[in-house]
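Q: Input file: upload.cif. Contents: mmCIF, C-alpha atoms and all ligand atoms.
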```cif
data_upload
loop_
_atom_site.label_atom_id
_atom_site.label_comp_id
_atom_site.auth_asym_id
_atom_site.auth_seq_id
_atom_site.Cartn_x
_atom_site.Cartn_y
_atom_site.Cartn_z
CA MET D 141 16.90 -1.58 3.69
CA SER D 142 17.19 -4.32 1.10
CA ALA D 143 14.21 -5.94 -0.61
CA SER D 144 14.76 -9.15 1.31
CA SER D 145 14.52 -7.36 4.68
CA ALA D 146 11.33 -5.53 3.58
CA ARG D 147 10.00 -8.94 2.69
CA ASP D 148 11.08 -10.39 6.05
CA PHE D 149 9.39 -7.49 7.83
CA TYR D 150 6.06 -7.97 6.07
CA ASP D 151 6.26 -11.77 6.19
CA SER D 152 6.62 -11.47 9.95
CA LEU D 153 3.90 -8.80 10.27
CA ALA D 154 1.33 -10.47 8.00
CA ALA D 155 -0.50 -12.41 10.72
CA ASP D 156 -0.79 -9.24 12.83
CA TYR D 157 -1.36 -6.68 10.07
CA HIS D 158 -5.12 -6.28 10.70
CA ARG D 159 -4.17 -4.91 14.14
CA VAL D 160 -2.92 -1.74 12.43
CA PHE D 161 -6.60 -0.81 11.93
CA PRO D 162 -9.19 -0.13 14.65
CA ASP D 163 -11.57 -2.32 12.60
CA TRP D 164 -10.00 -3.88 9.51
CA ASP D 165 -13.28 -4.72 7.74
CA ALA D 166 -14.52 -1.16 8.22
CA SER D 167 -11.25 0.12 6.68
CA ILE D 168 -11.61 -2.28 3.74
CA ALA D 169 -15.07 -0.87 3.01
CA ARG D 170 -14.15 2.79 3.60
CA GLN D 171 -11.01 2.71 1.45
CA ALA D 172 -12.72 0.83 -1.40
CA ALA D 173 -15.54 3.39 -1.50
CA VAL D 174 -13.06 6.20 -2.25
CA LEU D 175 -10.70 4.26 -4.55
CA ASP D 176 -13.54 2.67 -6.52
CA GLY D 177 -15.09 6.12 -6.95
CA LEU D 178 -11.82 7.47 -8.39
CA VAL D 179 -11.41 4.45 -10.71
CA ARG D 180 -14.95 4.78 -12.11
CA ARG D 181 -14.70 8.56 -12.41
CA GLU D 182 -11.53 8.23 -14.49
CA LEU D 183 -12.27 5.06 -16.47
CA GLY D 184 -16.06 4.84 -16.58
CA PRO D 185 -18.42 2.37 -14.91
CA GLY D 186 -16.43 -0.81 -15.61
CA PRO D 187 -15.91 -3.35 -14.19
CA HIS D 188 -12.18 -2.93 -14.75
CA ARG D 189 -9.09 -5.13 -14.64
CA LEU D 190 -7.09 -3.95 -11.62
CA LEU D 191 -3.66 -4.81 -10.29
CA ASP D 192 -2.92 -3.99 -6.65
CA CYS D 193 0.86 -4.39 -6.80
CA ALA D 194 1.43 -4.08 -3.02
CA CYS D 195 -1.76 -5.72 -1.78
CA GLY D 196 -0.44 -6.84 1.60
CA ILE D 197 -3.19 -8.81 3.32
CA GLY D 198 -5.76 -7.30 0.92
CA THR D 199 -6.99 -4.06 2.51
CA GLN D 200 -7.67 -2.37 -0.84
CA ALA D 201 -7.76 -5.42 -3.14
CA ILE D 202 -10.60 -7.16 -1.28
CA GLY D 203 -12.81 -4.07 -1.28
CA LEU D 204 -12.14 -3.31 -4.94
CA ALA D 205 -12.91 -6.91 -5.93
CA ARG D 206 -16.08 -6.78 -3.86
CA ALA D 207 -17.02 -3.60 -5.78
CA GLY D 208 -17.10 -5.76 -8.92
CA HIS D 209 -13.65 -5.29 -10.48
CA ARG D 210 -11.46 -8.19 -11.62
CA VAL D 211 -8.54 -7.76 -9.24
CA VAL D 212 -5.10 -9.33 -9.04
CA GLY D 213 -3.24 -8.65 -5.80
CA SER D 214 0.52 -9.06 -5.76
CA ASP D 215 3.00 -8.33 -3.00
CA LEU D 216 6.69 -8.72 -2.18
CA SER D 217 5.67 -10.73 0.89
CA PRO D 218 4.44 -14.21 -0.02
CA VAL D 219 3.02 -14.59 3.50
CA ALA D 220 0.94 -11.41 3.12
CA ALA D 221 -0.25 -12.43 -0.37
CA THR D 222 -1.27 -15.85 0.95
CA ARG D 223 -3.24 -14.23 3.75
CA ALA D 224 -4.93 -11.89 1.21
CA ALA D 225 -6.07 -14.98 -0.70
CA ALA D 226 -7.43 -16.59 2.46
CA GLU D 227 -9.16 -13.43 3.71
CA SER D 228 -10.84 -12.82 0.35
CA ALA D 229 -12.03 -16.43 0.19
CA ASP D 230 -13.42 -16.14 3.74
CA ARG D 231 -15.47 -13.15 2.57
CA GLY D 232 -16.67 -14.85 -0.63
CA VAL D 233 -14.66 -12.42 -2.77
CA VAL D 234 -12.75 -13.54 -5.89
CA LEU D 235 -9.16 -12.28 -5.71
CA ALA D 236 -6.19 -13.76 -7.57
CA THR D 237 -2.93 -13.28 -5.67
CA ALA D 238 0.78 -13.66 -6.37
CA ALA D 239 4.09 -12.97 -4.68
CA ALA D 240 5.91 -10.38 -6.80
CA ASP D 241 8.27 -7.45 -6.48
CA MET D 242 6.70 -4.31 -7.94
CA ARG D 243 10.05 -3.51 -9.59
CA GLN D 244 9.78 -6.68 -11.66
CA LEU D 245 6.07 -7.25 -12.24
CA PRO D 246 5.47 -10.68 -13.80
CA PHE D 247 2.59 -9.55 -16.03
CA GLY D 248 2.47 -8.84 -19.75
CA PRO D 249 2.03 -5.44 -21.39
CA ASP D 250 -1.51 -3.98 -21.52
CA THR D 251 -2.85 -6.47 -18.95
CA PHE D 252 -4.63 -4.00 -16.66
CA ASP D 253 -6.90 -0.95 -16.84
CA ALA D 254 -5.66 0.38 -13.50
CA VAL D 255 -2.74 -0.24 -11.16
CA VAL D 256 -3.10 0.51 -7.45
CA CYS D 257 -0.22 0.85 -4.97
CA ALA D 258 -1.69 1.99 -1.68
CA ASP D 259 -0.83 2.90 1.87
CA ASN D 260 2.75 3.95 1.60
CA SER D 261 4.00 0.81 -0.10
CA LEU D 262 6.04 2.89 -2.55
CA ALA D 263 7.98 4.36 0.39
CA HIS D 264 9.74 1.01 0.88
CA LEU D 265 11.63 1.63 -2.37
CA LEU D 266 14.64 3.43 -1.02
CA SER D 267 16.29 4.83 -4.15
CA ALA D 268 15.36 6.84 -7.22
CA GLN D 269 16.41 3.86 -9.37
CA ASP D 270 13.99 1.51 -7.58
CA LEU D 271 11.19 4.06 -7.76
CA ALA D 272 11.79 4.49 -11.50
CA ALA D 273 11.88 0.72 -12.08
CA ALA D 274 8.57 0.24 -10.25
CA LEU D 275 6.80 3.05 -12.10
CA ARG D 276 8.12 1.89 -15.48
CA GLY D 277 6.79 -1.60 -14.71
CA MET D 278 3.39 -0.21 -13.72
CA ARG D 279 3.29 1.72 -17.00
CA ARG D 280 4.21 -1.41 -18.96
CA VAL D 281 1.41 -3.59 -17.55
CA LEU D 282 -1.22 -0.85 -18.06
CA ARG D 283 -3.13 -0.44 -21.30
CA ASP D 284 -3.08 2.89 -23.09
CA GLY D 285 -5.72 5.08 -21.49
CA GLY D 286 -5.15 3.31 -18.17
CA LEU D 287 -4.97 4.70 -14.65
CA LEU D 288 -2.25 4.72 -11.98
CA LEU D 289 -3.40 5.21 -8.40
CA LEU D 290 -0.90 5.61 -5.53
CA THR D 291 -1.50 6.57 -1.91
CA LEU D 292 1.21 7.84 0.42
CA ARG D 293 1.60 9.58 3.73
CA ASP D 294 1.76 13.39 3.53
CA TYR D 295 5.56 13.37 3.40
CA ASP D 296 5.78 17.05 2.44
CA ASP D 297 4.42 17.83 5.88
CA ILE D 298 6.27 14.99 7.62
CA ARG D 299 9.65 16.15 6.28
CA ARG D 300 9.00 19.55 7.81
CA THR D 301 8.07 18.18 11.25
CA ARG D 302 10.19 14.99 11.34
CA PRO D 303 8.02 13.21 13.91
CA ALA D 304 9.67 10.68 16.23
CA THR D 305 6.54 8.59 16.75
CA SER D 306 3.24 7.67 15.19
CA PRO D 307 0.13 7.92 17.38
CA PRO D 308 -0.97 4.67 19.08
CA GLN D 309 -3.72 2.82 17.23
CA VAL D 310 -6.09 0.65 19.26
CA SER D 311 -7.55 -2.31 17.42
CA HIS D 312 -10.53 -4.35 18.60
CA GLY D 313 -10.37 -8.04 17.69
CA SER D 314 -11.64 -11.44 18.78
CA ASP D 315 -8.63 -11.75 21.15
CA GLY D 316 -9.29 -8.37 22.75
CA ARG D 317 -7.65 -5.00 22.24
CA SER D 318 -4.19 -4.61 20.73
CA ILE D 319 -2.11 -1.47 20.33
CA THR D 320 0.20 -0.49 17.46
CA PHE D 321 2.61 2.43 17.40
CA GLN D 322 5.91 3.27 15.72
CA LEU D 323 9.13 5.02 16.71
CA TRP D 324 10.81 6.75 13.79
CA HIS D 325 14.59 7.20 13.64
CA TRP D 326 15.55 9.68 10.93
CA HIS D 327 18.68 9.12 8.86
CA ASP D 328 21.19 11.96 8.53
CA ASP D 329 19.98 12.56 4.95
CA GLY D 330 16.67 13.84 6.40
CA GLU D 331 14.83 11.72 3.81
CA ARG D 332 14.78 8.16 5.09
CA TYR D 333 13.82 6.77 8.48
CA ASP D 334 13.91 3.47 10.31
CA GLN D 335 10.61 2.42 11.80
CA GLU D 336 10.45 0.44 15.02
CA TYR D 337 7.03 -1.09 14.79
CA PHE D 338 5.58 -1.99 18.19
CA GLN D 339 2.51 -4.11 18.75
CA LEU D 340 1.12 -4.86 22.20
CA VAL D 341 -1.01 -7.97 21.93
CA PRO D 342 -3.07 -9.38 24.82
CA ASP D 343 -1.90 -12.64 26.40
CA GLU D 344 -2.63 -14.52 29.67
CA GLU D 345 -0.11 -12.43 31.61
CA GLY D 346 -1.25 -9.05 30.25
CA TRP D 347 0.59 -7.90 27.12
CA GLU D 348 2.99 -9.51 24.71
CA VAL D 349 5.21 -6.92 23.01
CA ARG D 350 6.12 -7.58 19.38
CA VAL D 351 8.76 -5.34 17.77
CA ARG D 352 9.70 -5.33 14.08
CA ARG D 353 11.88 -2.98 12.05
CA ALA D 354 11.67 -1.52 8.54
CA THR D 355 13.00 1.47 6.58
CA SER D 356 11.03 3.98 4.51
CA TRP D 357 11.82 6.89 2.20
CA ALA D 358 9.75 10.00 2.96
CA LEU D 359 8.82 10.73 -0.65
CA PRO D 360 7.78 14.33 -1.36
CA ARG D 361 4.91 14.74 -3.81
CA ARG D 362 7.19 16.49 -6.33
CA THR D 363 9.54 13.46 -6.42
CA VAL D 364 6.64 11.10 -7.11
CA THR D 365 5.14 13.38 -9.76
CA ASP D 366 8.48 13.78 -11.56
CA ALA D 367 9.24 10.05 -11.44
CA ALA D 368 5.78 9.20 -12.80
CA SER D 369 6.21 11.68 -15.66
CA ALA D 370 9.65 10.22 -16.45
CA ALA D 371 8.05 6.74 -16.54
CA GLY D 372 5.57 7.91 -19.20
CA PHE D 373 2.50 8.89 -17.15
CA THR D 374 0.48 12.00 -17.97
CA ASP D 375 -2.09 14.16 -16.21
CA PRO D 376 -0.54 13.79 -12.72
CA THR D 377 -2.98 14.86 -10.00
CA TRP D 378 -2.80 14.84 -6.21
CA HIS D 379 -6.12 14.39 -4.41
CA MET D 380 -5.75 15.64 -0.85
CA PRO D 381 -7.76 14.17 2.04
CA ASP D 382 -10.08 17.17 2.42
CA THR D 383 -11.41 16.68 -1.10
CA SER D 384 -10.97 12.92 -1.67
CA GLY D 385 -12.17 11.68 1.72
CA PHE D 386 -9.18 9.27 1.76
CA TYR D 387 -6.94 9.34 4.82
CA GLN D 388 -3.76 9.89 2.77
CA PRO D 389 -2.93 11.98 -0.31
CA VAL D 390 -3.89 10.00 -3.43
CA PHE D 391 -1.94 10.39 -6.68
CA THR D 392 -3.54 9.58 -10.01
CA ALA D 393 -1.98 9.68 -13.47
CA ARG D 394 -2.95 8.36 -16.87
CA THR D 395 -1.31 6.48 -19.71
CA ASP D 396 -1.72 7.93 -23.22
C1 LIG D 401 2.14 -0.60 4.56
S1 LIG D 401 1.91 -2.13 3.72
C2 LIG D 401 0.40 -1.83 2.81
C3 LIG D 401 -0.22 -3.10 2.31
C4 LIG D 401 -1.65 -2.93 1.74
N1 LIG D 401 -1.66 -2.05 0.60
C5 LIG D 401 -2.57 -2.43 2.85
O1 LIG D 401 -2.91 -1.24 2.86
O2 LIG D 401 -2.93 -3.24 3.70
C6 LIG D 401 3.17 -2.04 2.47
C7 LIG D 401 3.20 -3.24 1.56
O3 LIG D 401 4.15 -3.01 0.52
C8 LIG D 401 4.75 -4.23 0.21
N2 LIG D 401 6.00 -4.01 -0.51
C9 LIG D 401 7.13 -3.41 -0.05
N3 LIG D 401 8.07 -3.40 -1.01
C10 LIG D 401 7.51 -4.00 -2.11
C11 LIG D 401 7.99 -4.32 -3.41
N4 LIG D 401 9.24 -4.00 -3.79
N5 LIG D 401 7.15 -4.93 -4.26
C12 LIG D 401 5.88 -5.27 -3.89
N6 LIG D 401 5.39 -5.01 -2.65
C13 LIG D 401 6.20 -4.38 -1.77
C14 LIG D 401 4.93 -4.90 1.56
O4 LIG D 401 5.19 -6.29 1.47
C15 LIG D 401 3.62 -4.54 2.23
O5 LIG D 401 2.64 -5.52 2.06
#
```
Write out the structure in this file as structure tokens.
A:
Amino acid sequence: MSASSARDFYDSLAADYHRVFPDWDASIARQAAVLDGLVRRELGPGPHRLLDCACGIGTQAIGLARAGHRVVGSDLSPVAATRAAAESADRGVVLATAAADMRQLPFGPDTFDAVVCADNSLAHLLSAQDLAAALRGMRRVLRDGGLLLLTLRDYDDIRRTRPATSPPQVSHGSDGRSITFQLWHWHDDGERYDQEYFQLVPDEEGWEVRVRRATSWALPRRTVTDAASAAGFTDPTWHMPDTSGFYQPVFTARTD
């Protein structure tokens, strides 16, 4: 999938993205509690300068800014980044946002203490070259002694089981209940899959069905660890859900 179609997918999904969560505000708070804890454990009390380089509509960026950090949220999707700005303003949270491709980050060297790339965003980079370019850029914008923080699905397990669907997620909103689920179509390489992303949204007649499509690369932890080391990161560590309390494996690494 090319970058422009990933952008089209998330531009189109941005207005509905909160429906992915049973309660988006509760997820903002829960995710920030874990990620903020990791940032402060690694870097000290702060506040710190953070870049969320795939901020989407702001799920992690808003909570981290509310925790006191100075956060910039950037995303390939200008529509998602614009919504992140509006949602943070609605909540009285200061968040600077920009549309930017994580493979070509428009920030100077040593600008941030930590870079966050959460909830499987890295999986939209479909080649080793793109993964390397993104991680090199994250290294460049971090100061020495900085922190990289990535979260991804447990693709080691997923590659073994090759699921065809994701479980339905029911979201409660002001317009009623909506339902999100995905069908996954695995490529012959066994590594990449096309996602058919279904959302059932209430309307006067019952349900409106919205279907969007994207492609992801099921990145094993070893691939991410090796690519981060090649990009100049040290001290690679995977924090699994049973110890971190986060719903996905979290990868941290440091810059010397
Ligand atoms: C699953 S969403 C997660 C968004 C956000 N972190 C959250 O949890 O709500 C993946 C995000 O990655 C972004 N993305 C995909 N490819 C990207 C790229 N090359 N550069 C920057 N962002 C990208 C998408 O636009 C999308 O917002």
Q: Env of D:Leu178: 12 Å cut, atoms = only C-alpha atoms, seq-sep filter 4 positions within chain, self excluded. Answer as a ChimeraX atom specification.
A: /D:171-174,182-186,204,254,256,287-290,377-379,383-386,390-393
Q: Could you please determine the separation between atom CA of D:Phe252 and atom CA of D:Ala226 in Å, to one decimal place?
A: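 Going from atom CA of D:Phe252 over to atom CA of D:Ala226 covers 23.1 Å.
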Q: Can you build me a table of stretch 207-264 of chain D residues sitting at most 8 Å from stretch 269-275 of chain D, with the closest atom pair per residue and its distance in Å to one decimal, using all atoms listed in the file, sorted by chain and residue number, as a Markdown table?
A:
```
| residue | atom | partner | partner_atom | distance |
| --- | --- | --- | --- | --- |
| D:Met242 | CA | D:Ala274 | CA | 5.4 |
| D:Arg243 | CA | D:Ala274 | CA | 4.1 |
| D:Gln244 | CA | D:Ala274 | CA | 7.2 |
| D:Leu262 | CA | D:Leu271 | CA | 7.4 |
```
Q: Would you write out, as CSV, a table of all residues in chain D that have an atom no more than 8 Å from an atom of ligand LIG 401 (chain D), listing for each the closest atom pair and the distance in Å to one decimal, considering all atoms listed in the file and ordering rows by chain and rising residue number?
A:
```
residue,atom,partner,partner_atom,distance
D:Ala143,CA,D:LIG401,N4,6.2
D:Ala146,CA,D:LIG401,C9,5.9
D:Arg147,CA,D:LIG401,O4,5.6
D:Phe149,CA,D:LIG401,O4,7.7
D:Tyr150,CA,D:LIG401,O4,5.0
D:Asp151,CA,D:LIG401,O4,7.3
D:Ala154,CA,D:LIG401,O5,7.8
D:Tyr157,CA,D:LIG401,O2,7.4
D:His158,CA,D:LIG401,O2,7.9
D:Asp192,CA,D:LIG401,N1,7.6
D:Cys193,CA,D:LIG401,C12,5.9
D:Ala194,CA,D:LIG401,N6,4.1
D:Cys195,CA,D:LIG401,N1,4.4
D:Gly196,CA,D:LIG401,O5,3.4
D:Ile197,CA,D:LIG401,O2,5.6
D:Gly198,CA,D:LIG401,O2,5.7
D:Thr199,CA,D:LIG401,O2,4.3
D:Gln200,CA,D:LIG401,O1,6.1
D:Ala201,CA,D:LIG401,N1,7.9
D:Ser214,CA,D:LIG401,C12,6.8
D:Asp215,CA,D:LIG401,N6,4.1
D:Leu216,CA,D:LIG401,C12,3.9
D:Ser217,CA,D:LIG401,O4,4.5
D:Ala220,CA,D:LIG401,O5,6.2
D:Ala221,CA,D:LIG401,O5,7.9
D:Ala239,CA,D:LIG401,C12,7.9
D:Ala240,CA,D:LIG401,C12,5.9
D:Asp241,CA,D:LIG401,N5,3.5
D:Met242,CA,D:LIG401,N5,3.8
D:Arg243,CA,D:LIG401,N4,5.9
D:Cys257,CA,D:LIG401,N1,6.4
D:Ala258,CA,D:LIG401,N1,4.6
D:Asp259,CA,D:LIG401,O1,4.7
D:Asn260,CA,D:LIG401,C1,5.5
D:Ser261,CA,D:LIG401,O3,3.9
D:Leu262,CA,D:LIG401,N3,6.8
D:Ala263,CA,D:LIG401,C9,7.8
D:His264,CA,D:LIG401,N3,5.1
D:Leu265,CA,D:LIG401,N4,6.3
D:Ala274,CA,D:LIG401,N4,7.8
```
Q: Work out how far apart atom CA of D:Ala169 and atom CA of D:Glu227 are and give it in Å to one decimal.
A: 13.9 Å
Q: Could you check which of D:Val234, D:Leu153, D:Leu292, D:Ala224 is closest to D:Ala354, using only C-alpha atoms?
A: D:Leu153
Q: Tell me which protein, DNA and RNA residues are within 8 Å of D:Leu282, counting all atoms listed in the file, leaving out same-chain ones fewer than 4 positions away, and put them as JSON, numbers by chain.
A: {"D": [249, 250, 251, 252, 253, 254, 255, 278, 286, 287, 395]}
Q: Can those selected residues be exported to a file as a compact mmCIF listing (two decimals), keeping the file's coordinate frame so that it contains C-alpha atoms?
A:
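Saved to again.txt:
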```
# COMPACT_ATOMS: atom_id res chain seq x y z
CA PRO D 249 2.03 -5.44 -21.39
CA ASP D 250 -1.51 -3.98 -21.52
CA THR D 251 -2.85 -6.47 -18.95
CA PHE D 252 -4.63 -4.00 -16.66
CA ASP D 253 -6.90 -0.95 -16.84
CA ALA D 254 -5.66 0.38 -13.50
CA VAL D 255 -2.74 -0.24 -11.16
CA MET D 278 3.39 -0.21 -13.72
CA GLY D 286 -5.15 3.31 -18.17
CA LEU D 287 -4.97 4.70 -14.65
CA THR D 395 -1.31 6.48 -19.71
```
Q: Can you work out the spacing between atom CA of D:Val211 and atom CA of D:Arg189 in Å, to one decimal?
A: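 A separation of 6.0 Å between them.
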